[in-house]
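Containing mmCIF, C-alpha atoms: query-v5.cif.
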```
data_final
#
loop_
_atom_site.label_atom_id
_atom_site.label_comp_id
_atom_site.auth_asym_id
_atom_site.auth_seq_id
_atom_site.Cartn_x
_atom_site.Cartn_y
_atom_site.Cartn_z
CA MET I 1071 65.33 121.20 80.22
CA ALA I 1072 65.89 117.81 81.82
CA LYS I 1073 69.18 116.19 80.97
CA LYS I 1074 69.03 113.04 78.94
CA GLU I 1075 70.56 109.83 80.18
CA VAL I 1076 73.61 108.67 78.25
CA TYR I 1077 74.36 105.02 77.58
CA ILE I 1078 77.18 103.04 76.04
CA TRP I 1079 75.26 100.88 73.60
CA ALA I 1080 78.17 98.91 72.19
CA ALA I 1081 81.94 98.73 72.38
CA GLY I 1082 84.62 97.02 70.33
CA GLN I 1083 88.40 96.81 70.53
CA ILE I 1084 91.53 95.81 68.69
CA SER I 1085 94.46 95.71 71.05
CA VAL I 1086 97.12 93.33 72.33
CA GLN I 1087 94.28 91.07 73.49
CA SER I 1088 92.26 88.92 71.08
CA PRO I 1089 90.68 91.37 68.64
CA LEU I 1090 86.97 92.11 68.36
CA SER I 1091 86.15 89.91 71.30
CA GLU I 1092 85.87 89.84 75.07
CA ALA I 1093 88.11 86.77 75.35
CA TRP I 1094 90.38 88.80 77.66
CA MET I 1095 87.70 88.40 80.35
CA THR I 1096 88.17 84.65 80.54
CA GLU I 1097 91.44 83.93 78.71
CA PRO I 1098 93.67 86.98 79.01
CA LEU I 1099 96.93 87.07 77.08
CA CYS I 1100 99.97 87.92 79.19
CA TYR I 1101 103.09 89.72 78.03
CA ARG I 1102 106.57 90.18 79.44
CA GLU I 1103 108.06 92.24 76.61
CA PRO I 1104 108.20 96.04 77.03
CA TYR I 1105 106.82 96.68 73.54
CA VAL I 1106 103.80 94.80 72.23
CA GLN I 1107 101.84 95.55 69.07
CA ALA I 1108 98.13 94.89 68.65
CA ILE I 1109 96.83 91.60 67.32
CA ASP I 1110 95.29 92.44 63.97
CA PRO I 1111 92.44 90.37 62.56
CA ASP I 1112 92.57 89.30 58.91
CA TYR I 1113 91.36 92.56 57.40
CA LYS I 1114 90.83 90.94 54.01
CA GLN I 1115 87.75 89.33 55.50
CA TYR I 1116 86.27 92.75 56.14
CA PHE I 1117 87.52 95.12 53.44
CA ALA I 1118 87.87 95.11 49.67
CA PRO I 1119 91.52 94.98 48.55
CA ASN I 1120 91.23 98.39 46.90
CA THR I 1121 90.09 99.93 50.19
CA LEU I 1122 92.67 98.14 52.26
CA ARG I 1123 95.75 98.97 50.24
CA ARG I 1124 95.85 102.62 51.31
CA LEU I 1125 95.04 102.18 54.97
CA GLY I 1126 97.73 102.06 57.62
CA LYS I 1127 97.27 99.95 60.74
CA ILE I 1128 95.61 102.59 62.88
CA LEU I 1129 93.11 103.37 60.14
CA ARG I 1130 92.23 99.73 59.56
CA ARG I 1131 91.69 99.20 63.26
CA ALA I 1132 89.64 102.36 63.73
CA LEU I 1133 87.48 101.62 60.72
CA LEU I 1134 86.84 98.02 61.66
CA THR I 1135 85.99 98.68 65.32
CA SER I 1136 83.73 101.54 64.22
CA ARG I 1137 81.93 99.40 61.68
CA ARG I 1138 81.57 96.67 64.29
CA VAL I 1139 79.76 98.84 66.85
CA MET I 1140 77.64 100.50 64.18
CA GLU I 1141 76.55 97.12 62.84
CA GLU I 1142 75.90 95.84 66.35
CA THR I 1143 73.59 98.75 67.14
CA GLY I 1144 72.09 99.21 63.68
CA ILE I 1145 73.29 102.82 63.58
CA ALA I 1146 74.50 103.29 60.02
CA CYS I 1147 75.32 106.96 60.45
CA PRO I 1148 75.88 108.36 63.96
CA ASP I 1149 75.06 112.02 64.64
CA ALA I 1150 78.64 112.67 65.72
CA ILE I 1151 82.05 111.09 65.25
CA ILE I 1152 84.34 112.09 68.08
CA THR I 1153 87.85 110.69 68.03
CA ALA I 1154 90.65 110.65 70.56
CA THR I 1155 94.25 110.03 69.60
CA GLY I 1156 97.51 110.93 71.29
CA LEU I 1157 99.84 110.37 68.36
CA GLY I 1158 97.50 110.21 65.37
CA CYS I 1159 98.71 108.29 62.34
CA ILE I 1160 102.30 108.18 63.56
CA GLU I 1161 103.34 105.34 61.27
CA ASN I 1162 102.38 107.27 58.13
CA THR I 1163 103.96 110.40 59.57
CA GLU I 1164 107.25 108.58 60.04
CA ILE I 1165 107.11 107.11 56.52
CA PHE I 1166 106.64 110.41 54.75
CA LEU I 1167 109.09 112.29 56.97
CA ASP I 1168 111.73 109.60 56.40
CA ALA I 1169 111.15 109.84 52.65
CA LEU I 1170 111.29 113.62 52.81
CA ILE I 1171 114.68 113.53 54.52
CA ARG I 1172 115.98 110.77 52.26
CA GLU I 1173 114.97 112.64 49.11
CA GLY I 1174 116.34 115.99 50.26
CA GLU I 1175 112.86 117.45 50.84
CA GLU I 1176 112.09 117.08 47.14
CA LEU I 1177 109.62 114.23 46.86
CA LEU I 1178 106.64 113.75 49.12
CA LYS I 1179 104.81 110.45 49.32
CA PRO I 1180 101.23 111.66 48.71
CA THR I 1181 99.25 108.85 50.33
CA HIS I 1182 101.28 108.79 53.51
CA PHE I 1183 101.28 112.58 53.68
CA MET I 1184 97.50 112.83 53.29
CA GLN I 1185 96.95 110.13 55.89
CA SER I 1186 99.36 111.41 58.48
CA THR I 1187 97.24 113.97 60.28
CA HIS I 1188 95.45 113.23 63.54
CA ASN I 1189 92.01 113.89 62.09
CA THR I 1190 92.49 111.39 59.24
CA ILE I 1191 90.91 108.77 61.51
CA GLY I 1192 87.64 110.62 62.08
CA SER I 1193 87.52 111.71 58.45
CA LEU I 1194 87.94 108.19 57.17
CA ILE I 1195 85.14 106.88 59.41
CA ALA I 1196 82.90 109.73 58.20
CA ILE I 1197 83.63 108.96 54.55
CA ASP I 1198 83.08 105.26 55.12
CA SER I 1199 79.72 105.82 56.84
CA SER I 1200 78.68 108.82 54.69
CA CYS I 1201 78.29 110.74 57.93
CA HIS I 1202 78.21 114.52 57.39
CA GLY I 1203 77.54 115.42 61.03
CA TYR I 1204 79.72 116.77 63.81
CA ASN I 1205 83.26 115.44 63.51
CA THR I 1206 85.99 116.35 65.96
CA THR I 1207 89.33 114.91 66.98
CA TYR I 1208 90.95 115.43 70.37
CA ALA I 1209 94.72 115.08 70.43
CA HIS I 1210 95.51 115.94 74.04
CA LYS I 1211 98.08 113.31 74.96
CA GLY I 1212 96.94 111.27 77.98
CA ILE I 1213 93.51 112.92 78.33
CA SER I 1214 92.50 112.76 74.68
CA PHE I 1215 89.92 110.10 75.38
CA GLU I 1216 88.41 111.89 78.38
CA CYS I 1217 88.00 115.02 76.24
CA ALA I 1218 86.30 113.07 73.46
CA LEU I 1219 84.02 111.22 75.84
CA SER I 1220 83.16 114.44 77.65
CA ASP I 1221 82.24 116.11 74.35
CA ALA I 1222 79.97 113.21 73.44
CA PHE I 1223 78.46 113.11 76.93
CA LEU I 1224 77.65 116.84 77.00
CA GLN I 1225 76.05 116.84 73.56
CA LEU I 1226 74.05 113.69 74.24
CA SER I 1227 72.85 114.78 77.68
CA ASN I 1228 71.82 118.18 76.29
CA GLY I 1229 69.88 116.51 73.50
CA ARG I 1230 71.91 118.12 70.70
CA ILE I 1231 72.66 114.70 69.26
CA ALA I 1232 71.10 111.26 69.73
CA THR I 1233 74.08 109.04 68.90
CA ALA I 1234 77.85 109.46 68.98
CA LEU I 1235 80.63 107.23 67.79
CA THR I 1236 83.49 107.85 70.17
CA GLY I 1237 86.87 106.29 69.54
CA ALA I 1238 90.28 106.03 71.17
CA HIS I 1239 93.01 105.14 68.71
CA ASP I 1240 96.78 104.97 69.01
CA GLU I 1241 99.44 102.92 67.30
CA MET I 1242 103.03 102.64 68.48
CA THR I 1243 105.98 102.37 66.11
CA PRO I 1244 109.33 100.88 67.17
CA ASP I 1245 111.06 104.26 66.69
CA TYR I 1246 108.50 106.17 68.73
CA PHE I 1247 108.68 103.55 71.46
CA VAL I 1248 112.43 104.18 71.72
CA LEU I 1249 111.78 107.92 72.07
CA LEU I 1250 109.13 107.44 74.76
CA LYS I 1251 111.40 105.04 76.59
CA ARG I 1252 114.18 107.64 76.59
CA MET I 1253 111.72 110.19 77.97
CA GLY I 1254 110.82 107.75 80.74
CA TYR I 1255 107.16 107.58 79.71
CA LEU I 1256 107.15 103.79 79.35
CA GLY I 1257 109.25 100.70 78.89
CA HIS I 1258 111.19 100.88 82.15
CA ALA I 1259 109.25 98.54 84.37
CA PRO I 1260 109.30 94.78 84.62
CA ASN I 1261 105.54 94.59 84.89
CA GLY I 1262 104.35 97.18 82.42
CA PHE I 1263 104.47 97.36 78.66
CA SER I 1264 103.62 99.60 75.76
CA GLY I 1265 100.50 98.51 73.89
CA GLU I 1266 98.29 99.81 71.11
CA THR I 1267 94.71 101.02 71.37
CA ALA I 1268 91.74 100.88 69.04
CA VAL I 1269 88.43 101.24 70.84
CA SER I 1270 85.10 102.34 69.43
CA LEU I 1271 82.10 103.09 71.61
CA LEU I 1272 78.62 103.77 70.30
CA LEU I 1273 76.91 106.11 72.73
CA GLY I 1274 73.22 106.93 72.70
CA GLY I 1275 70.94 109.43 74.43
CA HIS I 1276 68.47 106.87 75.69
CA LYS I 1277 68.40 103.43 77.23
CA ARG I 1278 67.95 100.49 74.92
CA GLU I 1279 68.03 96.75 75.06
CA ASN I 1280 71.51 95.23 75.23
CA ALA I 1281 73.14 98.53 76.18
CA LEU I 1282 76.34 97.84 78.11
CA CYS I 1283 76.01 100.47 80.79
CA ARG I 1284 75.01 104.01 81.62
CA LEU I 1285 77.58 106.79 81.50
CA GLN I 1286 76.67 108.84 84.55
CA GLY I 1287 79.19 111.62 84.22
CA ILE I 1288 82.77 112.78 83.76
CA GLU I 1289 84.92 115.16 85.74
CA PHE I 1290 88.45 116.14 84.85
CA LEU I 1291 90.96 118.50 86.36
CA TYR I 1292 94.34 119.98 85.52
CA ARG I 1293 96.97 120.09 88.27
CA PRO I 1294 94.44 119.79 91.09
CA GLU I 1295 95.18 120.69 94.66
CA LYS I 1296 94.40 117.89 97.09
CA ASP I 1297 90.92 119.18 97.95
CA ASP I 1298 90.05 119.68 94.30
CA LEU I 1299 90.07 115.96 93.60
CA GLN I 1300 87.82 115.25 96.58
CA GLN I 1301 85.42 118.02 95.58
CA SER I 1302 85.36 116.92 91.97
CA LEU I 1303 84.60 113.36 92.97
CA GLY I 1304 81.88 114.54 95.37
CA ARG I 1305 80.32 116.61 92.59
CA LEU I 1306 80.26 113.65 90.22
CA LEU I 1307 78.68 111.37 92.81
CA GLN I 1308 76.10 113.99 93.76
CA GLN I 1309 75.12 114.68 90.17
CA SER I 1310 74.79 110.94 89.62
CA GLN I 1311 72.79 110.48 92.83
CA CYS I 1312 75.27 107.89 93.87
CA ARG I 1313 77.10 107.43 97.16
CA MET I 1314 80.66 106.27 97.59
CA GLU I 1315 79.41 103.13 99.33
CA ASP I 1316 77.45 102.28 96.16
CA ILE I 1317 80.66 102.01 94.12
CA ASP I 1318 81.62 98.36 93.66
CA ALA I 1319 85.20 99.01 92.59
CA VAL I 1320 87.49 101.67 91.16
CA MET I 1321 89.22 101.09 87.83
CA THR I 1322 92.73 102.56 87.90
CA GLY I 1323 95.59 103.10 85.46
CA TYR I 1324 98.42 101.35 87.31
CA ASN I 1325 100.97 100.56 84.60
CA GLY I 1326 104.07 99.28 86.38
CA GLN I 1327 105.94 102.62 86.12
CA GLU I 1328 107.01 103.75 89.56
CA ALA I 1329 106.16 107.46 89.26
CA ASN I 1330 102.75 106.73 87.74
CA ASP I 1331 101.82 104.03 90.23
CA ARG I 1332 102.83 106.11 93.24
CA VAL I 1333 100.22 108.74 92.30
CA TYR I 1334 97.51 106.08 92.12
CA THR I 1335 98.52 104.51 95.42
CA GLU I 1336 98.50 107.84 97.25
CA ASN I 1337 95.30 109.19 95.73
CA CYS I 1338 93.35 105.95 95.88
CA ALA I 1339 94.14 105.54 99.57
CA ARG I 1340 92.90 109.06 100.22
CA LEU I 1341 89.93 109.22 97.87
CA PHE I 1342 88.58 105.68 97.99
CA PRO I 1343 89.66 104.15 101.30
CA GLY I 1344 88.70 100.51 101.56
CA LYS I 1345 87.46 100.32 97.96
CA ARG I 1346 88.58 97.43 95.81
CA LEU I 1347 90.84 98.58 92.99
CA LEU I 1348 90.86 97.27 89.46
CA HIS I 1349 93.47 97.69 86.76
CA TYR I 1350 93.61 97.02 83.03
CA LYS I 1351 96.99 98.14 81.69
CA HIS I 1352 98.58 94.84 82.76
CA LEU I 1353 96.32 93.32 80.05
CA PHE I 1354 96.18 96.06 77.42
CA GLY I 1355 99.44 97.95 77.92
CA GLU I 1356 100.09 101.66 78.08
CA SER I 1357 99.36 104.19 75.38
CA TYR I 1358 98.14 107.78 75.29
CA THR I 1359 94.56 106.66 74.81
CA ALA I 1360 94.72 103.52 76.96
CA SER I 1361 91.99 105.00 79.15
CA GLY I 1362 89.63 104.21 76.28
CA LEU I 1363 90.41 100.55 76.87
CA GLY I 1364 89.87 101.06 80.59
CA VAL I 1365 86.38 102.44 80.04
CA TYR I 1366 85.73 99.70 77.49
CA ALA I 1367 86.81 97.07 80.07
CA ALA I 1368 84.63 98.62 82.78
CA ALA I 1369 81.65 98.79 80.37
CA ALA I 1370 82.19 95.13 79.43
CA CYS I 1371 82.17 94.17 83.13
CA LEU I 1372 78.93 96.07 83.71
CA GLY I 1373 77.41 94.59 80.57
CA ARG I 1374 78.17 91.08 81.76
CA GLN I 1375 77.54 91.89 85.40
CA SER I 1376 80.85 90.35 86.30
CA ILE I 1377 84.38 91.45 87.19
CA PRO I 1378 86.98 88.77 86.37
CA ALA I 1379 89.40 87.97 89.19
CA HIS I 1380 92.41 89.04 87.11
CA LEU I 1381 91.16 92.62 86.94
CA PHE I 1382 91.54 93.14 90.69
CA PHE I 1383 94.73 94.98 91.52
CA HIS I 1384 95.32 93.23 94.82
CA PRO I 1385 95.58 89.46 94.70
CA GLY I 1386 93.17 87.20 96.53
CA ASN I 1387 89.96 88.51 95.00
CA ARG I 1388 87.55 86.21 93.24
CA GLU I 1389 85.34 86.98 90.28
CA GLN I 1390 82.62 89.35 91.39
CA GLN I 1391 79.06 89.00 90.12
CA GLY I 1392 76.29 91.57 90.23
CA VAL I 1393 78.24 94.75 89.58
CA ARG I 1394 76.25 97.99 89.77
CA HIS I 1395 78.60 100.97 89.75
CA LEU I 1396 82.23 101.27 88.61
CA LEU I 1397 84.26 104.41 89.04
CA PHE I 1398 87.05 105.00 86.57
CA TYR I 1399 89.98 107.08 87.81
CA ASN I 1400 92.69 108.11 85.37
CA GLN I 1401 95.67 110.41 85.77
CA PHE I 1402 98.38 111.43 83.33
CA GLU I 1403 101.76 112.51 84.69
CA ASN I 1404 100.01 113.68 87.86
CA LYS I 1405 98.80 116.73 85.90
CA ASN I 1406 95.54 115.61 84.35
CA HIS I 1407 93.11 113.68 86.52
CA SER I 1408 89.70 112.39 85.59
CA PHE I 1409 86.77 110.49 87.07
CA ILE I 1410 84.18 108.66 84.98
CA LEU I 1411 81.21 106.98 86.62
CA LEU I 1412 79.59 104.02 84.89
CA SER I 1413 76.52 102.17 86.12
CA ALA I 1414 74.75 99.01 85.13
CA CYS I 1415 71.64 99.66 83.05
CA GLY I 1416 68.49 100.14 85.06
CA LYS I 1417 70.31 101.07 88.26
CA MET H 1027 111.11 97.49 26.35
CA ASN H 1028 109.69 94.26 27.80
CA GLU H 1029 112.17 94.42 30.64
CA LEU H 1030 111.15 98.01 31.42
CA ILE H 1031 107.47 97.03 31.35
CA LEU H 1032 108.11 94.28 33.89
CA THR H 1033 110.16 96.60 36.12
CA LEU H 1034 107.44 99.23 35.92
CA LYS H 1035 104.74 96.76 36.90
CA LYS H 1036 106.77 95.70 39.95
CA GLU H 1037 107.34 99.32 40.95
CA ILE H 1038 103.65 100.18 40.59
CA ILE H 1039 102.63 97.17 42.67
CA GLU H 1040 105.02 98.25 45.40
CA VAL H 1041 104.27 101.98 45.37
CA LEU H 1042 100.50 101.56 45.23
CA ASN H 1043 100.53 98.62 47.65
CA LEU H 1044 98.65 96.37 45.22
CA GLU H 1045 99.62 93.39 47.33
CA ASP H 1046 97.14 90.98 45.77
CA LEU H 1047 98.45 91.54 42.24
CA LYS H 1048 101.39 89.99 40.45
CA PRO H 1049 103.10 91.64 37.44
CA GLU H 1050 101.44 89.15 35.08
CA ASP H 1051 97.99 90.23 36.35
CA ILE H 1052 98.51 93.69 34.88
CA LEU H 1053 97.91 93.70 31.14
CA ASP H 1054 100.33 95.80 29.11
CA ASP H 1055 97.60 97.63 27.19
CA ALA H 1056 94.80 97.73 29.78
CA PRO H 1057 93.82 101.20 31.05
CA LEU H 1058 95.34 102.06 34.42
CA PHE H 1059 92.52 104.38 35.51
CA GLY H 1060 88.78 103.83 35.60
CA GLU H 1061 88.57 100.31 34.19
CA GLY H 1062 91.54 97.96 34.23
CA LEU H 1063 93.51 98.53 37.42
CA GLY H 1064 90.92 101.04 38.64
CA LEU H 1065 93.40 103.60 39.90
CA ASP H 1066 92.32 107.09 40.99
CA SER H 1067 93.68 110.62 41.33
CA ILE H 1068 95.71 109.86 44.46
CA ASP H 1069 97.38 107.02 42.60
CA ALA H 1070 98.16 109.45 39.78
CA LEU H 1071 100.10 111.57 42.27
CA GLU H 1072 102.01 108.49 43.41
CA LEU H 1073 102.85 107.65 39.79
CA ILE H 1074 104.11 111.19 39.17
CA VAL H 1075 106.42 110.83 42.20
CA LEU H 1076 107.54 107.41 40.94
CA MET H 1077 108.42 108.82 37.49
CA GLU H 1078 110.47 111.60 39.02
CA LYS H 1079 112.18 109.52 41.69
CA ASN H 1080 113.08 106.47 39.61
CA TYR H 1081 113.50 107.95 36.13
CA GLY H 1082 114.13 111.66 36.67
CA ILE H 1083 111.06 112.62 34.64
CA LYS H 1084 109.07 115.63 35.86
CA LEU H 1085 105.46 115.82 34.77
CA ASN H 1086 104.35 119.40 35.34
CA ASP H 1087 101.24 119.40 33.19
CA PRO H 1088 98.38 117.28 34.60
CA ALA H 1089 96.93 116.90 31.10
CA GLN H 1090 100.18 115.30 30.04
CA GLY H 1091 99.77 112.74 32.84
CA ARG H 1092 96.41 111.69 31.44
CA ASP H 1093 98.12 110.63 28.21
CA VAL H 1094 101.23 109.14 29.79
CA PHE H 1095 99.33 106.97 32.27
CA ARG H 1096 96.98 105.48 29.66
CA SER H 1097 98.49 102.02 30.02
CA ILE H 1098 101.67 100.34 31.19
CA ARG H 1099 102.95 100.12 27.61
CA VAL H 1100 102.36 103.83 26.96
CA MET H 1101 103.99 104.72 30.27
CA ALA H 1102 107.01 102.55 29.55
CA GLY H 1103 107.35 104.09 26.09
CA TYR H 1104 107.29 107.58 27.55
CA ILE H 1105 109.89 106.65 30.15
CA GLN H 1106 112.15 105.10 27.54
CA ALA H 1107 112.01 108.26 25.43
CA ASN H 1108 112.44 110.76 28.28
CA ARG H 1109 114.32 109.15 31.14
CA VAL H 1110 117.36 110.92 32.53
CA LYS H 1111 118.37 108.17 34.93
#
```

Spell out the structure here as structure tokens.
Amino acid sequence: MAKKEVYIWAAGQISVQSPLSEAWMTEPLCYREPYVQAIDPDYKQYFAPNTLRRLGKILRRALLTSRRVMEETGIACPDAIITATGLGCIENTEIFLDALIREGEELLKPTHFMQSTHNTIGSLIAIDSSCHGYNTTYAHKGISFECALSDAFLQLSNGRIATALTGAHDEMTPDYFVLLKRMGYLGHAPNGFSGETAVSLLLGGHKRENALCRLQGIEFLYRPEKDDLQQSLGRLLQQSQCRMEDIDAVMTGYNGQEANDRVYTENCARLFPGKRLLHYKHLFGESYTASGLGVYAAAACLGRQSIPAHLFFHPGNREQQGVRHLLFYNQFENKNHSFILLSACGK
Amino acid sequence: MNELILTLKKEIIEVLNLEDLKPEDILDDAPLFGEGLGLDSIDALELIVLMEKNYGIKLNDPAQGRDVFRSIRVMAGYIQANRVK
């Protein structure tokens, strides 16, 4: 059976950039602090007070970005809700664990307990949209989003589902930031910072008007040998009937951390010699599911047929018009590597 | 009793995150569940925890909770009669 084409129909974000907008493309907000929390919209404009009072930040953001892309596409109930989160509802987890310790393990705070699991996010979206279909959450640290997107891609391309709401959601609490800083995961560089992610993508199994881009394919590897990356990339390009010279630019996850950036520099020089590199974490910050924001940013560029100058990693580049293919390369701790190929619609 | 009612209203607003309400918005005799405040079963669990934590009252029988949480005034009366702290 012929594989179906998969498209990103709509995308929405709440992050450290202006929420629910693409203002970051023309007026990006810049940060120098190591720890930055997302800019929340006034949720009272979108939710009834009785709904809002129980929802923590990550849930509000996930629900609002999901509603936004569903409204934009007219899909009231997607066939699948596939969620990626590295830390889940960490704020609620901290609240009920703190209370548990404080009260000598006697009294549990019910609301925070019930809304502390990773799959609370997907469940809440399903309840809100009365969606009884496939619902899965991937909590695989730095490749959570790639796993979720891959699941959606496979099911859509095989025709098992026609629409999928795929999300990448992570909040960062001050306490957890301190822990991650101690572990050396983030917060040690002058140019990088910890951010928060809430991205919802509405994916569909056919092309439609106003779709942002086509999702050509995904490849990911665990602890690859040097040749494995090259082979994986070759496979993705071949399956997508795309050549390396067709790629306009490569979106990377440079984040200002020395160990992380060294991997990108070495691998990009080897895998994509001469290609122009893009980055996004200088705008959106680092988080376990930041790659969701990277794919969102790449999709936005393809949708508008334009790459803003401030997305280019090396200075001196001007805004580029007429973008056709963007390759997204992500790696996490030099263990998990992934390639995602996105193309402008109709190409 | 009036002082306890006011304290209870403030505690309920805080525990249930009823941020748009002030104590004077909650009527002493209005039902807490269904109509009135429109609380639900998850809120009932929060109220049970509140009773135990702040007043040392353990409600083991769910049917008992239905009576105790009828209104703020009933709840305050029950606390006054049974509190251990």

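Separating atom CA of Val1333 of chain I from atom CA of Gln1286 of chain I is a distance of 24.8 Å.
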
Box for segment 1369-1387 of chain I: with edges along x, y and z, all listed atoms inside and 8 Å added on each side, what are the centre and edge lengths in Å to one decimal, as JSON?
```
{"center_x": 86.5, "center_y": 93.0, "center_z": 88.0, "size_x": 34.2, "size_y": 27.6, "size_z": 33.1}
```

Residue neighbourhood Asn1080 of chain H, 8 Å, all atoms listed in the file, exclusion window fewer than 3 positions, as a ChimeraX atom specification: /H:1076-1077,1111

Taking only residues of chain H that have an atom at most 12 Å from an atom of chain I, what is each one's shortest atom pair and its distance in Å to one decimal, using all atoms listed in the file, in chain and number order, as a Markdown table?
```
| residue | atom | partner | partner_atom | distance |
| --- | --- | --- | --- | --- |
| H:Ile1039 | CA | I:Arg1123 | CA | 10.4 |
| H:Glu1040 | CA | I:Arg1123 | CA | 10.5 |
| H:Val1041 | CA | I:Lys1179 | CA | 9.4 |
| H:Leu1042 | CA | I:Arg1123 | CA | 7.4 |
| H:Asn1043 | CA | I:Arg1123 | CA | 5.4 |
| H:Leu1044 | CA | I:Arg1123 | CA | 6.4 |
| H:Glu1045 | CA | I:Arg1123 | CA | 7.4 |
| H:Asp1046 | CA | I:Pro1119 | CA | 7.4 |
| H:Leu1047 | CA | I:Pro1119 | CA | 10.0 |
| H:Leu1063 | CA | I:Asn1120 | CA | 9.8 |
| H:Gly1064 | CA | I:Asn1120 | CA | 8.7 |
| H:Leu1065 | CA | I:Asn1120 | CA | 9.0 |
| H:Asp1066 | CA | I:Asn1120 | CA | 10.6 |
| H:Ser1067 | CA | I:Pro1180 | CA | 10.6 |
| H:Ile1068 | CA | I:Thr1181 | CA | 6.9 |
| H:Asp1069 | CA | I:Thr1181 | CA | 8.2 |
| H:Ala1070 | CA | I:Pro1180 | CA | 9.7 |
| H:Leu1071 | CA | I:Pro1180 | CA | 6.5 |
| H:Glu1072 | CA | I:Pro1180 | CA | 6.2 |
| H:Leu1073 | CA | I:Pro1180 | CA | 9.9 |
| H:Ile1074 | CA | I:Leu1177 | CA | 9.9 |
| H:Val1075 | CA | I:Leu1177 | CA | 6.6 |
| H:Leu1076 | CA | I:Leu1177 | CA | 9.3 |
| H:Met1077 | CA | I:Leu1177 | CA | 10.9 |
| H:Glu1078 | CA | I:Leu1177 | CA | 8.3 |
| H:Lys1079 | CA | I:Leu1177 | CA | 7.4 |
| H:Asn1080 | CA | I:Leu1177 | CA | 11.2 |
| H:Gly1082 | CA | I:Leu1177 | CA | 11.4 |
| H:Lys1084 | CA | I:Leu1177 | CA | 11.1 |
```

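The gap separating atom CA of Thr1322 of chain I from atom CA of Ala1132 of chain I is 24.4 Å, in Å to one decimal.
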
Residues at most 12 Å from Tyr1334 of chain I, counting only C-alpha atoms, excluding those fewer than 4 positions away in the same chain, as number ranges by chain? I: 1320-1330, 1338-1342, 1347-1349, 1383, 1398-1404, 1407-1408

Evaluate the PyMOL selection byres ((chain H and resi 1033) around 12) here and jot the selected residues down as a PDB file with C-alpha atoms, keeping the file's coordinate frame.
```
ATOM      1  CA  MET H1027     111.110  97.490  26.350  1.00  0.00           C
ATOM      2  CA  ASN H1028     109.690  94.260  27.800  1.00  0.00           C
ATOM      3  CA  GLU H1029     112.170  94.420  30.640  1.00  0.00           C
ATOM      4  CA  LEU H1030     111.150  98.010  31.420  1.00  0.00           C
ATOM      5  CA  ILE H1031     107.470  97.030  31.350  1.00  0.00           C
ATOM      6  CA  LEU H1032     108.110  94.280  33.890  1.00  0.00           C
ATOM      7  CA  LEU H1034     107.440  99.230  35.920  1.00  0.00           C
ATOM      8  CA  LYS H1035     104.740  96.760  36.900  1.00  0.00           C
ATOM      9  CA  LYS H1036     106.770  95.700  39.950  1.00  0.00           C
ATOM     10  CA  GLU H1037     107.340  99.320  40.950  1.00  0.00           C
ATOM     11  CA  ILE H1038     103.650 100.180  40.590  1.00  0.00           C
ATOM     12  CA  ILE H1039     102.630  97.170  42.670  1.00  0.00           C
ATOM     13  CA  GLU H1040     105.020  98.250  45.400  1.00  0.00           C
ATOM     14  CA  LYS H1048     101.390  89.990  40.450  1.00  0.00           C
ATOM     15  CA  PRO H1049     103.100  91.640  37.440  1.00  0.00           C
ATOM     16  CA  GLU H1050     101.440  89.150  35.080  1.00  0.00           C
ATOM     17  CA  ASN H1080     113.080 106.470  39.610  1.00  0.00           C
ATOM     18  CA  TYR H1081     113.500 107.950  36.130  1.00  0.00           C
ATOM     19  CA  ILE H1098     101.670 100.340  31.190  1.00  0.00           C
ATOM     20  CA  ARG H1099     102.950 100.120  27.610  1.00  0.00           C
ATOM     21  CA  MET H1101     103.990 104.720  30.270  1.00  0.00           C
ATOM     22  CA  ALA H1102     107.010 102.550  29.550  1.00  0.00           C
ATOM     23  CA  ILE H1105     109.890 106.650  30.150  1.00  0.00           C
TER      24      ILE H1105
END
```

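Each of I:His1239, I:His1276, I:Arg1131, I:Arg1230 was checked against Asn1189 of chain I using all atoms listed in the file; the smallest atom-to-atom distance is that of I:His1239.
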
Pick from I:Asp1297, I:Pro1244, I:Gly1126, I:Tyr1366, whichever lies nearest to Gly1257 of chain I using all atoms listed in the file: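 Among I:Asp1297, I:Pro1244, I:Gly1126, I:Tyr1366, it is I:Pro1244 that comes nearest to Gly1257 of chain I.
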
Separation of atom CA of Tyr1077 of chain I and atom CA of Ile1317 of chain I, in Å?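 About the pair atom CA of Tyr1077 of chain I and atom CA of Ile1317 of chain I: they are 18.0 Å apart.
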
Need to verify the contact set: Thr1135 of chain I, 9 Å, all atoms listed in the file, exclusion of same-chain residues closer than 6 positions in sequence. Can you return it as a ChimeraX atom specification? /I:1081-1084,1090,1237,1268-1271

Using the chain letters and numbers from this file, what does the PyMOL selection byres ((chain I and resi 1089) around 12) select? Give the answer as number ranges by chain. I: 1082-1088, 1090-1094, 1098-1099, 1107-1113, 1131, 1134-1135, 1138, 1266-1269, 1354
